[in-house]
$ cat structure.txt   # compact mmCIF, C-alpha atoms
# COMPACT_ATOMS: atom_id res chain seq x y z
CA MET H 1 0.00 0.00 0.00
CA GLY H 2 1.35 3.42 -0.99
CA LEU H 3 2.16 6.12 1.50
CA PHE H 4 -0.82 8.32 0.64
CA SER H 5 -3.38 5.66 -0.25
CA ARG H 6 -6.50 5.13 1.80
CA ASN H 7 -9.52 2.94 1.69
CA LYS H 8 -12.40 4.82 0.05
CA PRO H 9 -15.78 4.25 1.67
CA LYS H 10 -18.31 2.53 -0.59
CA ILE H 11 -21.13 4.98 -1.22
CA LYS H 12 -24.36 3.64 -2.61
CA VAL H 13 -26.03 6.18 -4.91
CA GLU H 14 -29.79 5.83 -5.21
CA ALA H 15 -31.35 6.83 -8.52
CA VAL H 16 -34.67 7.54 -6.80
CA LYS H 17 -34.85 8.89 -3.26
CA LYS H 18 -37.10 7.06 -0.86
CA ASP H 19 -37.94 10.14 1.17
CA GLY H 20 -40.42 11.40 -1.44
CA PHE H 21 -38.30 14.36 -2.63
CA SER H 22 -37.42 12.83 -5.98
CA GLY H 23 -38.80 14.93 -8.81
CA TRP H 24 -38.88 18.19 -6.84
CA ILE H 25 -37.19 21.26 -8.27
CA LYS H 26 -36.46 24.74 -7.03
CA CYS H 27 -38.38 27.28 -9.12
CA SER H 28 -36.15 29.67 -11.08
CA GLY H 29 -38.70 32.43 -10.50
CA CYS H 30 -39.79 32.28 -6.87
CA SER H 31 -37.28 29.74 -5.45
CA GLU H 32 -40.16 27.69 -4.04
CA MET H 33 -40.09 23.90 -4.29
CA ILE H 34 -42.40 22.51 -6.95
CA HIS H 35 -42.84 18.99 -8.23
CA ALA H 36 -42.14 18.09 -11.85
CA ASN H 37 -45.66 16.68 -12.14
CA GLU H 38 -47.14 20.02 -11.07
CA LEU H 39 -45.05 21.75 -13.71
CA GLN H 40 -46.11 19.32 -16.42
CA ASN H 41 -49.78 19.62 -15.51
CA ASN H 42 -49.55 23.42 -15.58
CA ILE H 43 -48.14 23.74 -19.15
CA ASN H 44 -44.58 24.12 -17.82
CA CYS H 45 -45.45 27.16 -15.70
CA CYS H 46 -44.78 27.42 -11.98
CA PRO H 47 -48.15 27.04 -10.19
CA LYS H 48 -46.99 29.47 -7.49
CA CYS H 49 -45.41 32.40 -9.34
CA GLY H 50 -46.25 31.68 -12.98
CA TYR H 51 -42.62 31.46 -14.14
CA HIS H 52 -42.61 30.17 -17.72
CA TYR H 53 -40.24 27.27 -18.35
CA ARG H 54 -39.23 26.24 -21.85
CA MET H 55 -41.35 23.90 -23.95
CA SER H 56 -40.31 21.55 -26.72
CA ALA H 57 -41.60 22.15 -30.24
CA LYS H 58 -44.04 19.24 -29.93
CA GLN H 59 -45.35 20.55 -26.61
CA ARG H 60 -45.81 23.98 -28.15
CA ILE H 61 -47.72 22.55 -31.10
CA ALA H 62 -49.98 20.58 -28.77
CA LEU H 63 -50.63 23.77 -26.78
CA LEU H 64 -51.58 25.95 -29.76
CA SER H 65 -53.24 23.63 -32.27
CA ASP H 66 -56.58 21.87 -32.13
CA GLU H 67 -56.22 18.22 -31.15
CA ASN H 68 -54.62 16.02 -33.83
CA SER H 69 -54.87 18.79 -36.43
CA PHE H 70 -51.14 19.43 -37.00
CA GLN H 71 -49.78 18.11 -40.29
CA GLU H 72 -46.00 18.39 -40.54
CA MET H 73 -44.58 19.63 -43.84
CA PHE H 74 -41.14 19.96 -45.44
CA SER H 75 -39.60 17.30 -43.18
CA ASN H 76 -37.40 15.87 -45.94
CA PHE H 77 -34.50 18.30 -45.44
CA THR H 78 -31.27 17.17 -43.79
CA THR H 79 -28.42 19.32 -42.52
CA VAL H 80 -25.18 18.90 -44.45
CA ASP H 81 -21.77 19.96 -43.11
CA VAL H 82 -20.61 21.65 -46.32
CA LEU H 83 -17.86 23.58 -44.49
CA ASN H 84 -16.47 20.53 -42.62
CA PHE H 85 -16.71 22.72 -39.52
CA VAL H 86 -14.86 21.71 -36.36
CA ASP H 87 -14.65 23.58 -33.07
CA SER H 88 -14.34 21.54 -29.89
CA GLN H 89 -16.01 18.76 -31.88
CA LYS H 90 -17.19 18.09 -35.41
CA TYR H 91 -20.43 19.72 -36.58
CA VAL H 92 -21.76 16.35 -37.75
CA ASP H 93 -21.27 15.00 -34.22
CA ARG H 94 -23.11 17.99 -32.73
CA ILE H 95 -26.04 17.37 -35.07
CA LYS H 96 -26.14 13.72 -34.08
CA GLU H 97 -26.12 14.60 -30.36
CA ALA H 98 -28.81 17.23 -30.86
CA ARG H 99 -31.08 14.69 -32.57
CA GLU H 100 -30.62 12.24 -29.72
CA LYS H 101 -31.21 14.91 -27.09
CA SER H 102 -34.25 16.57 -28.64
CA GLY H 103 -35.86 13.62 -30.37
CA GLY H 104 -36.26 15.77 -33.50
CA GLU H 105 -34.45 16.01 -36.82
CA GLU H 106 -33.88 19.78 -36.74
CA ALA H 107 -34.49 22.93 -34.72
CA ALA H 108 -37.72 23.79 -36.55
CA LEU H 109 -41.06 22.04 -37.01
CA VAL H 110 -43.41 23.50 -39.61
CA GLY H 111 -46.77 22.54 -41.03
CA THR H 112 -50.45 23.37 -41.04
CA CYS H 113 -52.89 23.02 -38.19
CA ARG H 114 -56.22 24.31 -37.01
CA ILE H 115 -56.44 26.90 -34.25
CA GLN H 116 -60.01 27.05 -32.99
CA GLU H 117 -61.25 25.58 -36.28
CA ARG H 118 -59.32 27.91 -38.58
CA THR H 119 -56.49 26.57 -40.75
CA VAL H 120 -53.13 28.20 -40.01
CA ALA H 121 -49.53 27.80 -41.21
CA LEU H 122 -47.47 27.16 -38.08
CA GLY H 123 -43.72 27.15 -37.46
CA VAL H 124 -42.07 26.38 -34.12
CA LEU H 125 -38.40 26.53 -33.13
CA ASP H 126 -37.10 23.98 -30.64
CA PHE H 127 -34.46 25.32 -28.22
CA SER H 128 -33.45 21.80 -27.19
CA PHE H 129 -31.94 21.30 -30.66
CA MET H 130 -28.65 23.26 -30.63
CA GLY H 131 -30.31 26.18 -28.88
CA GLY H 132 -32.93 26.58 -31.61
CA SER H 133 -30.20 27.99 -33.84
CA MET H 134 -31.06 28.86 -37.44
CA GLY H 135 -29.03 27.05 -40.05
CA SER H 136 -29.81 26.40 -43.71
CA VAL H 137 -32.46 23.77 -43.01
CA VAL H 138 -34.28 25.87 -40.41
CA GLY H 139 -34.26 28.89 -42.70
CA GLU H 140 -35.49 26.81 -45.64
CA LYS H 141 -38.34 25.26 -43.65
CA ILE H 142 -39.48 28.63 -42.28
CA THR H 143 -39.31 30.13 -45.78
CA LEU H 144 -41.25 27.28 -47.37
CA ILE H 145 -44.09 27.38 -44.85
CA ILE H 146 -44.42 31.14 -45.38
CA GLU H 147 -44.48 30.64 -49.15
CA TYR H 148 -47.06 27.88 -48.78
CA ALA H 149 -49.24 30.19 -46.69
CA THR H 150 -48.88 32.95 -49.28
CA LYS H 151 -49.95 30.63 -52.08
CA ASN H 152 -52.89 29.17 -50.14
CA ASN H 153 -54.12 32.37 -48.41
CA LEU H 154 -53.35 31.23 -44.88
CA PRO H 155 -52.32 33.25 -41.83
CA VAL H 156 -48.86 32.48 -40.42
CA VAL H 157 -47.89 31.92 -36.79
CA ILE H 158 -44.22 31.40 -35.87
CA VAL H 159 -43.08 30.67 -32.31
CA SER H 160 -39.43 31.58 -31.76
CA ALA H 161 -37.01 30.22 -29.18
CA SER H 162 -33.46 30.59 -30.41
CA GLY H 163 -29.89 31.54 -29.71
CA GLY H 164 -29.64 33.01 -33.21
CA ALA H 165 -27.83 32.03 -36.40
CA ARG H 166 -25.90 28.76 -36.31
CA MET H 167 -22.20 29.59 -36.28
CA GLN H 168 -21.19 26.18 -37.65
CA GLU H 169 -22.72 27.18 -41.00
CA SER H 170 -21.12 30.65 -41.10
CA ILE H 171 -22.41 32.88 -43.93
CA LEU H 172 -24.90 30.20 -45.00
CA SER H 173 -26.81 30.66 -41.76
CA LEU H 174 -26.74 34.47 -42.06
CA MET H 175 -28.25 34.21 -45.55
CA GLN H 176 -31.37 32.70 -43.96
CA MET H 177 -32.14 36.08 -42.38
CA ALA H 178 -32.59 37.69 -45.79
CA LYS H 179 -34.43 34.69 -47.23
CA THR H 180 -37.05 34.46 -44.48
CA SER H 181 -37.54 38.23 -44.51
CA ALA H 182 -38.08 38.24 -48.28
CA ALA H 183 -40.72 35.50 -47.96
CA LEU H 184 -42.56 37.57 -45.34
CA THR H 185 -42.52 40.56 -47.70
CA LYS H 186 -44.47 38.48 -50.25
CA LEU H 187 -46.90 37.43 -47.53
CA HIS H 188 -47.39 41.06 -46.54
CA GLU H 189 -47.99 42.11 -50.15
CA LYS H 190 -50.84 39.62 -50.26
CA ARG H 191 -52.17 41.15 -47.03
CA LEU H 192 -52.09 37.93 -45.06
CA PRO H 193 -51.40 38.23 -41.31
CA TYR H 194 -48.22 37.06 -39.63
CA ILE H 195 -48.25 36.66 -35.85
CA SER H 196 -44.83 36.33 -34.22
CA VAL H 197 -44.63 34.75 -30.76
CA LEU H 198 -41.40 35.36 -28.84
CA THR H 199 -40.45 32.99 -26.03
CA ASN H 200 -37.48 32.69 -23.70
CA PRO H 201 -34.95 33.19 -25.20
CA THR H 202 -35.24 34.77 -28.65
CA THR H 203 -31.92 36.27 -29.67
CA GLY H 204 -29.40 36.82 -32.46
CA GLY H 205 -30.20 36.41 -36.14
CA VAL H 206 -33.70 35.12 -35.45
CA THR H 207 -34.58 38.31 -33.57
CA ALA H 208 -32.93 40.33 -36.35
CA SER H 209 -35.07 38.70 -39.04
CA PHE H 210 -38.45 36.97 -39.04
CA ALA H 211 -39.10 37.13 -35.29
CA SER H 212 -39.32 40.94 -35.37
CA LEU H 213 -41.37 41.24 -38.57
CA GLY H 214 -44.78 40.20 -37.30
CA ASP H 215 -47.90 42.23 -37.95
CA ILE H 216 -48.53 41.41 -34.31
CA ILE H 217 -45.58 40.59 -32.04
CA ILE H 218 -46.46 39.04 -28.70
CA ALA H 219 -44.17 37.58 -26.05
CA GLU H 220 -44.43 35.36 -23.03
CA PRO H 221 -43.72 36.96 -19.64
CA ASP H 222 -40.10 37.52 -18.55
CA ALA H 223 -38.69 36.28 -21.87
CA LEU H 224 -35.18 37.33 -22.92
CA ILE H 225 -35.52 39.05 -26.30
CA ALA H 226 -32.42 40.62 -27.80
CA PHE H 227 -29.91 40.59 -30.61
CA ALA H 228 -26.89 40.14 -28.34
CA GLY H 229 -27.20 38.88 -24.77
CA PRO H 230 -26.82 41.25 -21.82
CA ARG H 231 -23.31 40.09 -20.95
CA VAL H 232 -22.04 40.73 -24.48
CA VAL H 233 -23.70 44.15 -24.60
CA GLU H 234 -22.25 45.16 -21.23
CA GLN H 235 -18.77 44.10 -22.31
CA THR H 236 -19.15 46.07 -25.54
CA ILE H 237 -20.46 49.34 -24.10
CA GLY H 238 -18.55 49.12 -20.83
CA GLN H 239 -21.52 49.71 -18.54
CA LYS H 240 -24.34 47.86 -16.85
CA LEU H 241 -27.72 47.60 -18.55
CA PRO H 242 -30.86 48.84 -16.75
CA LYS H 243 -32.57 46.28 -14.56
CA GLY H 244 -34.85 44.06 -16.61
CA ALA H 245 -33.45 45.30 -19.92
CA GLN H 246 -33.99 42.90 -22.83
CA LYS H 247 -36.89 41.24 -21.04
CA SER H 248 -40.34 41.23 -22.63
CA GLU H 249 -41.76 43.70 -20.10
CA PHE H 250 -39.00 46.20 -20.91
CA LEU H 251 -39.54 45.78 -24.65
CA LEU H 252 -43.27 46.33 -24.27
CA GLU H 253 -42.61 49.56 -22.38
CA LYS H 254 -40.30 50.74 -25.19
CA GLY H 255 -42.75 49.80 -27.94
CA MET H 256 -40.73 46.94 -29.44
CA ILE H 257 -43.51 44.37 -29.01
CA ASP H 258 -47.30 44.65 -29.02
CA GLY H 259 -48.21 42.65 -25.96
CA ILE H 260 -47.32 40.09 -23.30
CA VAL H 261 -49.55 37.03 -23.10
CA GLU H 262 -49.38 34.30 -20.50
CA ARG H 263 -49.06 30.81 -21.90
CA LYS H 264 -52.51 29.72 -20.74
CA ASP H 265 -54.07 32.50 -22.82
CA LEU H 266 -51.83 32.20 -25.87
CA LYS H 267 -54.05 30.05 -28.09
CA LYS H 268 -57.12 32.17 -27.40
CA LYS H 269 -55.24 35.42 -28.09
CA ILE H 270 -53.69 34.15 -31.33
CA SER H 271 -57.11 32.96 -32.49
CA TYR H 272 -58.55 36.40 -31.74
CA PHE H 273 -55.92 38.16 -33.86
CA ILE H 274 -56.36 35.72 -36.74
CA GLU H 275 -60.13 36.18 -36.73
CA PHE H 276 -59.72 39.95 -36.62
CA PHE H 277 -57.32 40.12 -39.56
CA MET H 278 -58.88 37.44 -41.75
CA ASP H 279 -62.55 38.35 -41.32
CA ASN H 280 -62.29 42.11 -41.77
CA PRO H 281 -62.59 43.37 -45.35
CA ARG H 282 -59.34 44.36 -47.04
CA PRO H 283 -58.87 47.98 -48.16
CA GLU H 284 -58.91 47.05 -51.85
CA ASP H 285 -62.14 45.09 -51.34
CA VAL H 286 -63.75 48.10 -49.65
CA LYS H 287 -62.57 50.31 -52.51
CA ASP H 288 -64.08 47.96 -55.10
CA ARG H 289 -67.39 47.84 -53.23
CA LEU H 290 -67.53 51.62 -52.96
CA GLN H 291 -66.79 52.01 -56.67
CA GLN H 292 -69.53 49.53 -57.56
CA LYS H 293 -71.95 51.32 -55.25
CA LEU H 294 -71.03 54.67 -56.80
CA LYS H 295 -71.67 53.30 -60.30
CA GLN H 296 -75.06 52.02 -59.18
CA LEU H 297 -75.96 55.42 -57.71
CA LEU H 298 -74.84 57.25 -60.86
CA LYS H 299 -76.84 54.86 -63.02
CA PHE H 300 -79.88 55.35 -60.82
CA ALA H 301 -79.45 59.15 -60.99
CA ASP H 302 -79.26 59.01 -64.80
CA MET H 303 -82.46 56.96 -64.92
CA GLN H 304 -84.25 59.41 -62.64
CA GLU H 305 -83.06 62.36 -64.74
CA THR H 306 -84.28 60.67 -67.95
CA GLU H 307 -87.69 59.92 -66.44
CA PHE H 308 -88.01 63.48 -65.14
CA ALA H 309 -87.13 64.89 -68.59
CA GLN H 310 -89.71 62.69 -70.31
CA GLU H 311 -92.47 63.67 -67.85
CA ASN H 312 -91.84 67.39 -68.38
CA LYS H 313 -91.79 67.45 -72.18
$ encode --input "structure.txt" --output "structure tokens"
Amino acid sequence: MGLFSRNKPKIKVEAVKKDGFSGWIKCSGCSEMIHANELQNNINCCPKCGYHYRMSAKQRIALLSDENSFQEMFSNFTTVDVLNFVDSQKYVDRIKEAREKSGGEEAALVGTCRIQERTVALGVLDFSFMGGSMGSVVGEKITLIIEYATKNNLPVVIVSASGGARMQESILSLMQMAKTSAALTKLHEKRLPYISVLTNPTTGGVTASFASLGDIIIAEPDALIAFAGPRVVEQTIGQKLPKGAQKSEFLLEKGMIDGIVERKDLKKKISYFIEFFMDNPRPEDVKDRLQQKLKQLLKFADMQETEFAQENK
């Protein structure tokens, strides 16, 4: 036996505690103890303070869409490591790990669904897949669902949760900002509504492109919404940011978003906006109706004038 060796005590580690505390977590909002089951049954919100925890893309779709109405589209795209990018590990290995961790193929799920009986084009980013970062596949899927909505006269709802553009794809990921924005321009020209939902966190290139281009931009409470995170900004400008800066409440105060909606009310609020935009007459339709009405009135006036002239001959 060596001079500094000692017998290590055998410690038995239990996977599940027998004292009933297994599954309890300390809330990030109020620091109270809550059980994972309570969180799950309350749409991932703390039942005591309302703190909004993250949701997966599939959970978000289940929350917003009518039951069994979501039809996934454009799922046949696969990320390719065209740059052979390597940082601390290969990009292809990161993609593989992300798929195993999230259970999804990419950081975006898109398709059509029904929200309170109205068909909607829906896109959702999944933060559990490489931080919801936008690479070529994510940008392509978001663009295609917007183009599909434009062609089929559907409103668009996109739920963002992202760390921004995916650095492993370099300029290819940055190009997605322009591409998604251009697709939304075509949607706008057709006067179809786009509702952008910002969740915690929404940052970087996603914030700088489609996430900030909604006709209505709503956010969940206490969500981090920014281009660069607070630490990066503070290092750049050399001073501390105001308390609560870059949170949804601060952005609402400064006019950067249109409203803050709690998760339990999100589906109802989105449905309200869709009904408002889709059921109201468009300006060009009103103009056409007024022109037709004016023609009818002029025709009627001509007829009256002719009859009056004949009677007074």
$ closest_residue --input "structure.txt" --among "H:Val159, H:Ala182, H:Ala223, H:Ala98" --to "Tyr53 in chain H" --atoms "all atoms listed in the file"
H:Ala223
$ residues_near_point --input "structure.txt" --point "(-30.3, 33.6, -47.0)" --cutoff "12 Å" --atoms "all atoms listed in the file" --output "PDB file with C-alpha atoms, keeping the file's coordinate frame"
ATOM      1  CA  MET H 134     -31.060  28.860 -37.440  1.00  0.00           C
ATOM      2  CA  GLY H 135     -29.030  27.050 -40.050  1.00  0.00           C
ATOM      3  CA  SER H 136     -29.810  26.400 -43.710  1.00  0.00           C
ATOM      4  CA  VAL H 137     -32.460  23.770 -43.010  1.00  0.00           C
ATOM      5  CA  VAL H 138     -34.280  25.870 -40.410  1.00  0.00           C
ATOM      6  CA  GLY H 139     -34.260  28.890 -42.700  1.00  0.00           C
ATOM      7  CA  GLU H 140     -35.490  26.810 -45.640  1.00  0.00           C
ATOM      8  CA  ILE H 142     -39.480  28.630 -42.280  1.00  0.00           C
ATOM      9  CA  THR H 143     -39.310  30.130 -45.780  1.00  0.00           C
ATOM     10  CA  ALA H 165     -27.830  32.030 -36.400  1.00  0.00           C
ATOM     11  CA  GLU H 169     -22.720  27.180 -41.000  1.00  0.00           C
ATOM     12  CA  SER H 170     -21.120  30.650 -41.100  1.00  0.00           C
ATOM     13  CA  ILE H 171     -22.410  32.880 -43.930  1.00  0.00           C
ATOM     14  CA  LEU H 172     -24.900  30.200 -45.000  1.00  0.00           C
ATOM     15  CA  SER H 173     -26.810  30.660 -41.760  1.00  0.00           C
ATOM     16  CA  LEU H 174     -26.740  34.470 -42.060  1.00  0.00           C
ATOM     17  CA  MET H 175     -28.250  34.210 -45.550  1.00  0.00           C
ATOM     18  CA  GLN H 176     -31.370  32.700 -43.960  1.00  0.00           C
ATOM     19  CA  MET H 177     -32.140  36.080 -42.380  1.00  0.00           C
ATOM     20  CA  ALA H 178     -32.590  37.690 -45.790  1.00  0.00           C
ATOM     21  CA  LYS H 179     -34.430  34.690 -47.230  1.00  0.00           C
ATOM     22  CA  THR H 180     -37.050  34.460 -44.480  1.00  0.00           C
ATOM     23  CA  SER H 181     -37.540  38.230 -44.510  1.00  0.00           C
ATOM     24  CA  ALA H 182     -38.080  38.240 -48.280  1.00  0.00           C
ATOM     25  CA  ALA H 183     -40.720  35.500 -47.960  1.00  0.00           C
ATOM     26  CA  GLY H 205     -30.200  36.410 -36.140  1.00  0.00           C
ATOM     27  CA  SER H 209     -35.070  38.700 -39.040  1.00  0.00           C
ATOM     28  CA  PHE H 210     -38.450  36.970 -39.040  1.00  0.00           C
TER      29      PHE H 210
END
$ closest_residue --input "structure.txt" --among "H:Asp66, H:Glu97, H:Asp222, H:Asp126" --to "Ile260 in chain H" --atoms "only C-alpha atoms"
H:Asp222
$ atom_distance --input "structure.txt" --atom1 "CA of Gly103 in chain H" --atom2 "CA of Ser75 in chain H"
13.8 Å
$ closest_residue --input "structure.txt" --among "H:Gln296, H:Ser160, H:Gln304, H:Asn42" --to "Leu122 in chain H" --atoms "all atoms listed in the file"
H:Ser160
$ residues_around --input "structure.txt" --residues "range 240-254 of chain H" --least-positions-apart "3" --cutoff "10 Å" --atoms "all atoms listed in the file" --output "JSON, numbers by chain"
{"H": [198, 199, 200, 201, 203, 217, 218, 219, 220, 221, 222, 223, 224, 225, 226, 227, 228, 229, 230, 231, 233, 234, 235, 237, 257, 258, 259, 260]}
$ residues_around --input "structure.txt" --residues "Met130 in chain H" --least-positions-apart "2" --cutoff "10 Å" --atoms "only C-alpha atoms" --output "number ranges by chain"
H: 94-95, 97-99, 101-102, 106-107, 126-128, 132-134, 162-163, 166
$ residues_near_point --input "structure.txt" --point "(-40.4, 21.3, -43.4)" --cutoff "6 Å" --atoms "all atoms listed in the file" --output "list of chain:residue names"
H:Met73, H:Phe74, H:Ser75, H:Val110, H:Lys141
$ closest_residue --input "structure.txt" --among "H:Lys26, H:His188, H:Lys58, H:Lys96" --to "Val124 in chain H" --atoms "only C-alpha atoms"
H:Lys58
$ decode --input "structure.txt" --residues "range 87-137 of chain H" --atoms "C-alpha atoms" --output "short mmCIF file (atom, residue, chain, number, x, y, z; two decimals), in the first residue's frame"
data_model
loop_
_atom_site.label_atom_id
_atom_site.label_comp_id
_atom_site.auth_asym_id
_atom_site.auth_seq_id
_atom_site.Cartn_x
_atom_site.Cartn_y
_atom_site.Cartn_z
CA ASP H 87 -14.65 23.58 -33.07
CA SER H 88 -14.34 21.54 -29.89
CA GLN H 89 -16.01 18.76 -31.88
CA LYS H 90 -17.19 18.09 -35.41
CA TYR H 91 -20.43 19.72 -36.58
CA VAL H 92 -21.76 16.35 -37.75
CA ASP H 93 -21.27 15.00 -34.22
CA ARG H 94 -23.11 17.99 -32.73
CA ILE H 95 -26.04 17.37 -35.07
CA LYS H 96 -26.14 13.72 -34.08
CA GLU H 97 -26.12 14.60 -30.36
CA ALA H 98 -28.81 17.23 -30.86
CA ARG H 99 -31.08 14.69 -32.57
CA GLU H 100 -30.62 12.24 -29.72
CA LYS H 101 -31.21 14.91 -27.09
CA SER H 102 -34.25 16.57 -28.64
CA GLY H 103 -35.86 13.62 -30.37
CA GLY H 104 -36.26 15.77 -33.50
CA GLU H 105 -34.45 16.01 -36.82
CA GLU H 106 -33.88 19.78 -36.74
CA ALA H 107 -34.49 22.93 -34.72
CA ALA H 108 -37.72 23.79 -36.55
CA LEU H 109 -41.06 22.04 -37.01
CA VAL H 110 -43.41 23.50 -39.61
CA GLY H 111 -46.77 22.54 -41.03
CA THR H 112 -50.45 23.37 -41.04
CA CYS H 113 -52.89 23.02 -38.19
CA ARG H 114 -56.22 24.31 -37.01
CA ILE H 115 -56.44 26.90 -34.25
CA GLN H 116 -60.01 27.05 -32.99
CA GLU H 117 -61.25 25.58 -36.28
CA ARG H 118 -59.32 27.91 -38.58
CA THR H 119 -56.49 26.57 -40.75
CA VAL H 120 -53.13 28.20 -40.01
CA ALA H 121 -49.53 27.80 -41.21
CA LEU H 122 -47.47 27.16 -38.08
CA GLY H 123 -43.72 27.15 -37.46
CA VAL H 124 -42.07 26.38 -34.12
CA LEU H 125 -38.40 26.53 -33.13
CA ASP H 126 -37.10 23.98 -30.64
CA PHE H 127 -34.46 25.32 -28.22
CA SER H 128 -33.45 21.80 -27.19
CA PHE H 129 -31.94 21.30 -30.66
CA MET H 130 -28.65 23.26 -30.63
CA GLY H 131 -30.31 26.18 -28.88
CA GLY H 132 -32.93 26.58 -31.61
CA SER H 133 -30.20 27.99 -33.84
CA MET H 134 -31.06 28.86 -37.44
CA GLY H 135 -29.03 27.05 -40.05
CA SER H 136 -29.81 26.40 -43.71
CA VAL H 137 -32.46 23.77 -43.01
#
